[in-house]
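> Handing you this structure, nothing more for now.
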Protein chains: 2
Amino acid sequence: MSTTNGAEASSAASGTVQHPPGRLRLAVLDRDPGFMQVLAKRLDALGSEYRSLPAPISVDGLVTMRLNAFVIDLAILGPTGWGYLEQVCARLPGLAVIVCTGPSSVAQRVRGLRLGADAWITKPCHPEELICVIEAAVRRHRRVEMPAIESIQNVGEVTIRPDLYQAYVNDISLELTAREFEILKLLSENDRVLRREEIYERVWGYAMAHGDRSVDVFVRKLRQKLRAGSPGWSYIHTHFGVGYRFSAECDDANLPGAAEPVPMPADQLADGPLDPFDPALAG
Amino acid sequence: MSTTNGAEASSAASGTVQHPPGRLRLAVLDRDPGFMQVLAKRLDALGSEYRSLPAPISVDGLVTMRLNAFVIDLAILGPTGWGYLEQVCARLPGLAVIVCTGPSSVAQRVRGLRLGADAWITKPCHPEELICVIEAAVRRHRRVEMPAIESIQNVGEVTIRPDLYQAYVNDISLELTAREFEILKLLSENDRVLRREEIYERVWGYAMAHGDRSVDVFVRKLRQKLRAGSPGWSYIHTHFGVGYRFSAECDDANLPGAAEPVPMPADQLADGPLDPFDPALAG
DNA sequence: TTTGCATGTGAACATCTTGTGATCGGGGGC
DNA sequence: GCCCCCGATCACAAGATGTTCACATGCAAA
């Protein structure tokens, strides 16, 4: 495969990290069941995490939800809607706010946008269009917010720092290469078995050639460096015939902080739609 | 519209926004005289710098215009409009692109937004509304750049003075050129690895061409001047396969005021992809 | 237990990245 | 109008990294 060139690969990889629009977190404040249902269907297909709110939620509540986007039907709030909209926009400048409501006057739309809304869609609208508008609004924010959103992770004795593209044990760098780091991060972000093809595709950015052993080789290098920096622990586990799973486990099960046991439904690795967002919350 | 000079370029690119907020630089690609006239009147009232383009302009031309926003009537371009739109959005990720055109189908609007447009307004529209939409789109871009506090920074032995567009060591100028300074400032403002593409995009103002080495060359010049003015220190660190990171580090770790050794960012974001939406918030 | 794969391992090899010096051309300042 | 400074590119070299092989080892089904 000579098609790979570093820059391409890296940009593709980074794209993989930020592009998957699937990672939308949004809440919809609306009461129209039909509208919600159709929207929910599309959002599910995109793998977005969404939540519908039948009633207004406090601004503080919104803050803790850490959303990317917030869709609101001003009709629900009546005259108090303007104040609410203003508060939300002022308090969460990084949140994409989309007003999606019934027929309105130019003056109303202007007012909404001036108060800080990112877009104003008139119902009835095609769900696909609404989603595009949401994505467009989120897109820019995401570019800048992404790096901040990438949070530091502590697993076992290892600290994974996306901001530095490096992993540490006791503040000592494991000296991972860029690609090693990406694979470690990918694995650590998923509490399930990842098939080689999936790992390859998400890190390299394109499909894995049949028989390619690159992933195996990188896993070996990772294990080597992890073992060197954090002996007594095992982090990457092989699932024969399937793939790899990340989980910090202390070799000596007696020691404290032994491990993070994992349910391990190895059979349910129907890859596509990843770990579903707690369904109890939707709808 | 004046041509570019160092300072101006920087303000447009890094968003130093010396222009009072609200000052728009926009171009409108449209042929409807009535539309243009009404719009022009409103824009004048706002004190915006605008330019109407009766015919398509090359993407490179747009780049040199250093705009905040670009309004385009796809009808003017016909079928080639999509490609043009895509190119513009790809090349100028920081530009607010608003499509303002006649009646369209949902599919067309979806396509436009997916290609990177920030908003789609259907003509005929109220000029005030269009302006609000433009402002909403621009607001997002600016917001990101506004927080860049123009404060003097002391890092290691170096003093960075945005007000003078220059860096000093013991009050002696490092004689940085405008672009060198911008890159140094950008790097010093971020405690993380910045990818070349990101640096290029934020300093030059548009997407980096594939294989462009400009960033590397400027980093070399910067290192040279930093080394000359502050020997014994290293400031710009290469992360192979990723990009550059700024951090003042004393070569001799024994010396006092040694360095800022990649400290744990106290802001340690609540980590984990966990707790999706907190159910306790509803109602 | 044996056989057929799948995976672990180490090293050679090919490629890609980055550092660096030099050159070219344009634009702005004088 | 002329000259100099600055920024864009190129070419080359040295390393770092990624890929590919061949072989060893281990798991699973017959």
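Chain labels A, B, ... are given in the sequence in which chains occur in the structure tokens; within each chain residues are numbered consecutively from 1, and ligands are likewise numbered from 1 in the order shown.
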Determine which residues of stretch 128-167 of chain A DSSP labels as alpha helix (DSSP H) from the backbone of this structure, then write them out as a VMD selection string.

chain A and resid 128 to 149

> At a cut-off of 10 Å, can you tabulate as JSON lines every residue of chain B near chain C together with its closest atom pair and the distance in Å to one decimal, using only C-alpha atoms (C1' of nucleotides) and ordering rows by chain then number?


```
{"residue": "B:Asn5", "atom": "CA", "partner": "C:DG28", "partner_atom": "C1'", "distance": 9.0}
{"residue": "B:Arg213", "atom": "CA", "partner": "C:DT18", "partner_atom": "C1'", "distance": 9.6}
{"residue": "B:Asp216", "atom": "CA", "partner": "C:DT18", "partner_atom": "C1'", "distance": 7.8}
{"residue": "B:Val217", "atom": "CA", "partner": "C:DT20", "partner_atom": "C1'", "distance": 8.7}
{"residue": "B:Val219", "atom": "CA", "partner": "C:DG19", "partner_atom": "C1'", "distance": 10.0}
{"residue": "B:Arg220", "atom": "CA", "partner": "C:DG19", "partner_atom": "C1'", "distance": 7.6}
{"residue": "B:Thr238", "atom": "CA", "partner": "C:DT18", "partner_atom": "C1'", "distance": 8.8}
{"residue": "B:Phe240", "atom": "CA", "partner": "C:DT17", "partner_atom": "C1'", "distance": 7.2}
{"residue": "B:Gly241", "atom": "CA", "partner": "C:DT17", "partner_atom": "C1'", "distance": 6.8}
{"residue": "B:Val242", "atom": "CA", "partner": "C:DT17", "partner_atom": "C1'", "distance": 9.8}
```

> Could you pull out all residues of stretch 8-208 of chain B with a DSSP call of strand (DSSP E) and give them as an MDAnalysis selection string?

chainID B and resid 25:29 49:53 69:72 96:101 119:122 153:155 158:161 166:169 172:173 194:195

> Write the selection just made, keeping C-alpha atoms, as a CSV table (one decimal), in the first residue's frame?


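This went into out_36.csv:
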```csv
chain,number,residue,atom,x,y,z
B,25,ARG,CA,-15.3,42.8,6.5
B,26,LEU,CA,-17.5,41.1,4.0
B,27,ALA,CA,-18.0,40.5,0.3
B,28,VAL,CA,-21.2,39.8,-1.4
B,29,LEU,CA,-21.3,37.8,-4.7
B,49,GLU,CA,-16.5,47.3,5.1
B,50,TYR,CA,-18.1,45.5,2.3
B,51,ARG,CA,-17.5,44.8,-1.3
B,52,SER,CA,-19.9,43.6,-3.9
B,53,LEU,CA,-18.6,41.2,-6.5
B,69,ALA,CA,-17.9,36.9,5.9
B,70,PHE,CA,-18.8,36.0,2.4
B,71,VAL,CA,-22.4,36.1,1.1
B,72,ILE,CA,-23.0,34.2,-2.1
B,96,ALA,CA,-18.3,32.8,7.6
B,97,VAL,CA,-20.0,31.7,4.4
B,98,ILE,CA,-23.6,32.5,4.0
B,99,VAL,CA,-25.6,31.3,1.0
B,100,CYS,CA,-28.3,33.8,0.1
B,101,THR,CA,-30.2,32.6,-3.0
B,119,ALA,CA,-26.1,29.4,6.9
B,120,TRP,CA,-28.6,29.4,4.0
B,121,ILE,CA,-31.1,32.2,3.6
B,122,THR,CA,-33.8,32.1,1.0
B,153,GLN,CA,3.9,37.6,28.6
B,154,ASN,CA,7.1,36.5,30.3
B,155,VAL,CA,8.3,33.1,29.5
B,158,VAL,CA,11.7,36.1,26.9
B,159,THR,CA,9.1,38.9,27.1
B,160,ILE,CA,6.4,38.8,24.5
B,161,ARG,CA,4.8,42.2,23.8
B,166,GLN,CA,8.0,42.2,19.3
B,167,ALA,CA,9.7,39.9,21.7
B,168,TYR,CA,12.6,40.9,24.0
B,169,VAL,CA,15.2,39.5,26.2
B,172,ILE,CA,16.7,43.8,23.8
B,173,SER,CA,14.6,43.2,20.8
B,194,LEU,CA,-0.1,22.5,18.0
B,195,ARG,CA,-0.2,20.7,14.7
```

> Taking only C-alpha atoms into account, report as number ranges by chain which residues of chain A lie within 8 Å of chain B.

A: 7, 10, 51, 53, 55-57, 61, 64-65, 93, 106, 109-110, 113-114, 116-119, 126, 128-129, 132-133, 136-137, 140-141, 144, 151-153, 163-165, 177-178, 189, 277-278, 281

> Any idea which chain D residues end up within 9 Å of chain B if we count only C-alpha atoms (C1' of nucleotides), as a list in words please?

DC6, DG7, DA8, DT9, DA16 and DT17 of chain D

> So what do you get for atom CA of B:Val88 versus atom CA of B:Val59, distance-wise?

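Interatomic distance here is 6.0 Å.
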